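Asker: I am attaching a structure below and will ask some questions about it afterwards.
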Amino acid sequence: MNTRPESPSEFQRILRERARRLAQPLQVESPGDTRAFVVAALSGEHYGFAVEDVLEVLKEAGLTPLPGTASFWLGLINLRGRLAPVLDLRAYLGLAPMPSGQPGRIIIVEQAGLLAGLLVDDVLEVRNVPVSQIGPPLAPVSVGGRQTIAGLTFDFLAIIDLQKLLSDPRLVVQED
């Protein structure tokens with residue numbers, strides 16, 4: 001089989017076709033194929049919260065304690081006239097307490113009309129993650145019988161299912 005072009009003009013045509021193909025832009029996933037996450041550090045691990053659920057990030061300050069609540073509730077914070085309960089995510093997930101004196105960050109989230117703060121060690125970045133790189137968790141991670149980790153990326157960013165976390169019946173404070 002002869003793979004050489006028959007003529008110089010055929011050779012030029014092949015070169016132009018190759019150049020046209022090489023000049024095509026790289027195929028990049030469309031914005032609909034990626035999700036943005038606020039990445040938080042917590043006890044040496046990284047957790048992702050959907051950016052559309054995050055309203056703001058605050059320094060830990062101005063908490064009013066809530067007596068008679070579970071130990072994972074730190075208190076209330078006033079956000080420009082709106083009160084939000086603050087959940088100590090370490091305590092809720094059963095992790096070691098934050099070392100005393102170490103400042104934390106409060107991620108203010110809103111999901112299904114519920115406003116809450118989540119205390120984490122630090123907020124590192126906002127990261128766009130291709131949906132194709134989010135796989136299932138390595139093992140079911142449940143708190144209170146609820147699957148709170150929705151997925152895991154190749155670099156072990158645990159994606160939090162905020163709706164399941166905030167709908168945990170253990171978080172409801174009932175007056176008895």
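By order in the structure tokens, chains are A, B, ...; within a chain, residues start at 1; ligands start at 1, following the order shown.
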Give me the residues near Ala40 in chain A as a list of chain:residue names, where near means some atom within 6 Å (using only C-alpha atoms) and where sequence neighbours in that chain fewer than 3 positions away do not count.
Answerer: A:His46, A:Tyr47, A:Asp122, A:Val123, A:Leu124
Asker: With N, CA and C atoms kept, could you save the residues just selected as a PDB file, in the first residue's frame?
Answerer:
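The resulting file, out15.pdb, is reproduced below:
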```
ATOM      1  N   HIS A  46     -10.524  17.643  53.643  1.00  0.00           N
ATOM      2  CA  HIS A  46     -11.134  18.718  52.871  1.00  0.00           C
ATOM      3  C   HIS A  46     -12.560  18.339  52.513  1.00  0.00           C
ATOM      4  N   TYR A  47     -13.471  19.291  52.745  1.00  0.00           N
ATOM      5  CA  TYR A  47     -14.893  19.095  52.480  1.00  0.00           C
ATOM      6  C   TYR A  47     -15.372  20.185  51.534  1.00  0.00           C
ATOM      7  N   ASP A 122     -10.905  26.019  58.572  1.00  0.00           N
ATOM      8  CA  ASP A 122     -10.511  27.086  57.656  1.00  0.00           C
ATOM      9  C   ASP A 122     -11.261  26.909  56.344  1.00  0.00           C
ATOM     10  N   VAL A 123     -11.368  27.988  55.589  1.00  0.00           N
ATOM     11  CA  VAL A 123     -11.916  27.944  54.240  1.00  0.00           C
ATOM     12  C   VAL A 123     -10.746  28.205  53.304  1.00  0.00           C
ATOM     13  N   LEU A 124     -10.510  27.274  52.379  1.00  0.00           N
ATOM     14  CA  LEU A 124      -9.303  27.312  51.574  1.00  0.00           C
ATOM     15  C   LEU A 124      -9.471  27.977  50.213  1.00  0.00           C
TER      16      LEU A 124
END
```
Asker: Could you check the closest approach to Val38 in chain A for each of A:Glu110, A:Glu52, A:Glu17, A:Asp121 and tell me which residue wins, using only C-alpha atoms?
Answerer: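 Of all the options, A:Glu52 lies closest to Val38 in chain A.
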Asker: I'd like to know which of A:Ala23, A:Leu166, A:Leu93, A:Leu15 is closest to Ala112 in chain A, using only C-alpha atoms.
Answerer: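 Of A:Ala23, A:Leu166, A:Leu93, A:Leu15, the one nearest Ala112 in chain A, counting only C-alpha atoms, is A:Leu166.
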Asker: Given only C-alpha atoms as the basis, pick out the residue of A:Ile134, A:Val129, A:Leu118, A:Leu63 nearest to Thr34 in chain A.
Answerer: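 Between A:Ile134, A:Val129, A:Leu118, A:Leu63, the residue approaching Thr34 in chain A most closely is A:Val129.
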Asker: Could you please write out, as a PyMOL selection string, every residue of range 11-174 of chain A that DSSP assigns to strand (DSSP E or B)?
Answerer: chain A and resi 34-42+45-50+54-59+64+73-79+82-88+105-111+114-120+122-130+134-135+142-143+146-147+149-153+157-160
Asker: If we count only C-alpha atoms and set the cut-off at 10 Å, which residues sit around Lys164 in chain A, ignoring sequence neighbours fewer than 4 positions away in its own chain? Please answer as a ChimeraX atom specification.
Answerer: /A:111,143,146-150,160,168-169
Asker: For the residues selected in the previous step, produce a file with N, CA and C atoms as a compact mmCIF listing (two decimals), in the first residue's frame.
Answerer:
```txt
# COMPACT_ATOMS: atom_id res chain seq x y z
N GLN A 111 -30.19 26.42 52.92
CA GLN A 111 -30.69 25.28 52.15
C GLN A 111 -32.16 25.11 52.49
N VAL A 143 -24.05 9.92 59.38
CA VAL A 143 -24.14 10.50 60.71
C VAL A 143 -25.61 10.46 61.07
N ARG A 146 -27.81 9.06 58.35
CA ARG A 146 -27.96 9.81 57.11
C ARG A 146 -26.64 9.82 56.36
N GLN A 147 -26.70 9.61 55.06
CA GLN A 147 -25.53 9.65 54.19
C GLN A 147 -25.18 11.11 53.92
N THR A 148 -24.24 11.68 54.67
CA THR A 148 -23.93 13.10 54.56
C THR A 148 -22.89 13.41 53.49
N ILE A 149 -22.11 12.42 53.07
CA ILE A 149 -21.12 12.62 52.02
C ILE A 149 -21.75 12.17 50.70
N ALA A 150 -21.92 13.11 49.77
CA ALA A 150 -22.58 12.82 48.50
C ALA A 150 -21.61 12.24 47.47
N ILE A 160 -20.17 17.42 50.61
CA ILE A 160 -21.21 17.33 51.65
C ILE A 160 -22.58 17.51 51.01
N ASP A 168 -31.24 16.47 59.28
CA ASP A 168 -31.06 15.44 60.30
C ASP A 168 -31.96 15.76 61.50
N PRO A 169 -32.84 14.83 61.90
CA PRO A 169 -33.73 15.09 63.04
C PRO A 169 -32.99 15.38 64.34
```
Asker: Between A:Gln133, A:Asp53, A:Pro97, A:Leu138, single out the one closest to Leu115 in chain A, counting only C-alpha atoms.
Answerer: A:Asp53
Asker: In Å, how far is it from CA of Thr64 in chain A to CA of Ile77 in chain A?
Answerer: 6.5 Å
Asker: Using only C-alpha atoms, which residue out of A:Glu56, A:Asp33, A:Asp161, A:Asp88 lies closest to Val131 in chain A?
Answerer: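 That would be A:Asp33, the residue with the smallest distance to Val131 in chain A.
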Asker: Please return, as an mmCIF file with N, CA and C atoms, in the first residue's frame, all residues of range 44-120 of chain A that DSSP assigns to helix (DSSP H, G or I) on the basis of the backbone.
Answerer:
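Below is the file that was written, selection_0.cif:
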```cif
data_model
loop_
_atom_site.group_PDB
_atom_site.id
_atom_site.type_symbol
_atom_site.label_atom_id
_atom_site.label_comp_id
_atom_site.auth_asym_id
_atom_site.auth_seq_id
_atom_site.Cartn_x
_atom_site.Cartn_y
_atom_site.Cartn_z
ATOM 1 N N VAL A 51 -21.353 25.936 46.121
ATOM 2 C CA VAL A 51 -21.207 27.392 46.249
ATOM 3 C C VAL A 51 -22.566 28.086 46.239
ATOM 4 N N GLU A 52 -23.560 27.508 45.586
ATOM 5 C CA GLU A 52 -24.875 28.150 45.562
ATOM 6 C C GLU A 52 -25.569 28.103 46.922
ATOM 7 N N ASP A 53 -25.106 27.242 47.831
ATOM 8 C CA ASP A 53 -25.683 27.158 49.178
ATOM 9 C C ASP A 53 -24.955 28.038 50.187
ATOM 10 N N LEU A 89 -19.134 21.514 63.200
ATOM 11 C CA LEU A 89 -19.092 20.366 62.292
ATOM 12 C C LEU A 89 -18.197 19.250 62.808
ATOM 13 N N ARG A 90 -17.120 19.600 63.515
ATOM 14 C CA ARG A 90 -16.250 18.568 64.107
ATOM 15 C C ARG A 90 -17.036 17.715 65.092
ATOM 16 N N ALA A 91 -17.756 18.355 65.995
ATOM 17 C CA ALA A 91 -18.526 17.616 67.006
ATOM 18 C C ALA A 91 -19.633 16.805 66.340
ATOM 19 N N TYR A 92 -20.303 17.384 65.365
ATOM 20 C CA TYR A 92 -21.392 16.692 64.685
ATOM 21 C C TYR A 92 -20.900 15.433 63.976
ATOM 22 N N LEU A 93 -19.729 15.521 63.352
ATOM 23 C CA LEU A 93 -19.177 14.374 62.616
ATOM 24 C C LEU A 93 -18.406 13.409 63.508
#
```
Asker: With only C-alpha atoms as the atoms that count, which of A:Leu157, A:Leu55, A:Ala50, A:Leu66 lies nearest to Val86 in chain A?
Answerer: A:Leu66
Asker: Hey, what's within 8 Å of Gly135 in chain A if we count only C-alpha atoms and toss same-chain stuff fewer than 3 positions away? As a list in words, please?
Answerer: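 So, after excluding close chain neighbours, the residues are Ser132, Gly151, Leu152, Thr153 and Phe154 of chain A.
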